[in-house]
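J.: Below is a structure I'd like to ask you about.
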Amino acid sequence: MLPQEATEPLDPAELLARTAWSTLDHAYGTAEDVPQILLDLLDSDLGVRSKALGRLHHVVHHQNTLYTATAPAALYVAGILGDARTLEAVEKDPHVFPGPMRAELLGWLDSVADAADDEAAATMRRFGFPPEEYPPFVETCRMRPQLFHAASAFLDDPDTDVRAAAISACIPLLDDPRLIHHRDTLVPLLRDVLAANALRQYRESAVDALASWGQDTTGLEVRQERYSFCDAERRPQARAAEAQGWDDADLPF
């Protein structure tokens with residue numbers, strides 16, 4: 001039997017303290033440096049928090065990979081979304097989505113959830129890797145109700161960038177049987193907000209989700225000008241790399 005939907009408040013400080021980070025791993029080995037990365041996300045210095053965001057993407061969740069440190073880091077990120085300091089700016093470049101740190105963190109949670117949705121599970125099975133035998137996948141799935149509770153708090157946020165990021169982050173989480181009943185609430189937001197967004201990635205996500213949920217997508221087809229999207233818009237997990245100077249030489253594999 002599946003556990004009940006978890007909606008209890010997350011205490012980021014307690015999570016940070018009780019997690020044995022040195023026993024976990026990320027793209028570069030032991031995750032003992034992850035607590036500082038997470039703390040730096042709320043630093044008062046623009047450069048420090050921007051660098052921390054880059055490391056969150058490309059160390060803790062490198063190339064969409066779920067590591068043992070990814071799930072607890074995601075719970076911490078979910079726990080700080082309501083902190084006023086997440087309204088601070090981060091460094092931007094032409095490849096970075098708009099919005100404050102809060103929007104960026106929601107985008108990162110979107111990427112983590114996307115790596116543990118039904119499509120990701122099917123892909124793993126197709127290549128002979130049962131997802132239920134991969135602990136980081138199992139742990140990410142286990143905490144989906146908590147991530148949804150955190151992200152859904154911003155579905156009507158007055159900041160349009162935060163609102164769009166929150167809607168998008170909820171989509172992969174609603175593959176969870178404990179959460180699937182929330183799809184009815186999200187459908188009008190996908191139609192009226194995400195499908196009308198200026199960013200192709202959001203429009204595409206809205207149409208794909210509506211279609212997979214059995215909704216009529218007539219009139220919502222994503223129109224793409226040839227080649228215009230190749231460099232101008234990126235998925236959330238690719239945003240921070242170039243801004244922080246990451247290139248192929250930095251990659252662990």
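Starting from 1 in every chain, residues are counted up; chains themselves are A, B, ... following the order of the structure tokens, and ligands are numbered from 1 as listed.
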Using DSSP on the backbone coordinates, identify the residues of range 17-250 of chain A assigned to alpha helix (DSSP H); present them as number ranges by chain.
T.: A: 17-18, 34-40, 46-55, 70-80, 101-114, 118-126, 135-142, 144-152, 160-173, 183-189, 200-212, 229-232, 239-243
J.: Pick from A:Leu66, A:Leu186, A:Leu42, A:Leu106: nearest to Ala84 in chain A, with only C-alpha atoms counted?
T.: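 Distance minimum relative to Ala84 in chain A lands on A:Leu42.
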J.: Report, in Å to a single decimal, how far apart CA of Cys141 in chain A and CA of Leu190 in chain A are.
T.: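 Distance reported for this atom pair: 22.6 Å.
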J.: Restricting the calculation to only C-alpha atoms, which member of A:Ser212, A:Ser44, A:Thr19, A:Thr185 is positioned closest to Thr86 in chain A?
T.: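 Ranking A:Ser212, A:Ser44, A:Thr19, A:Thr185 by distance to Thr86 in chain A, first place goes to A:Ser44.
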J.: Nearest residue to Trp108 in chain A out of A:Arg85, A:Arg125, A:Tyr67, A:His61, using only C-alpha atoms?
T.: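 Of all the options, A:His61 lies closest to Trp108 in chain A.
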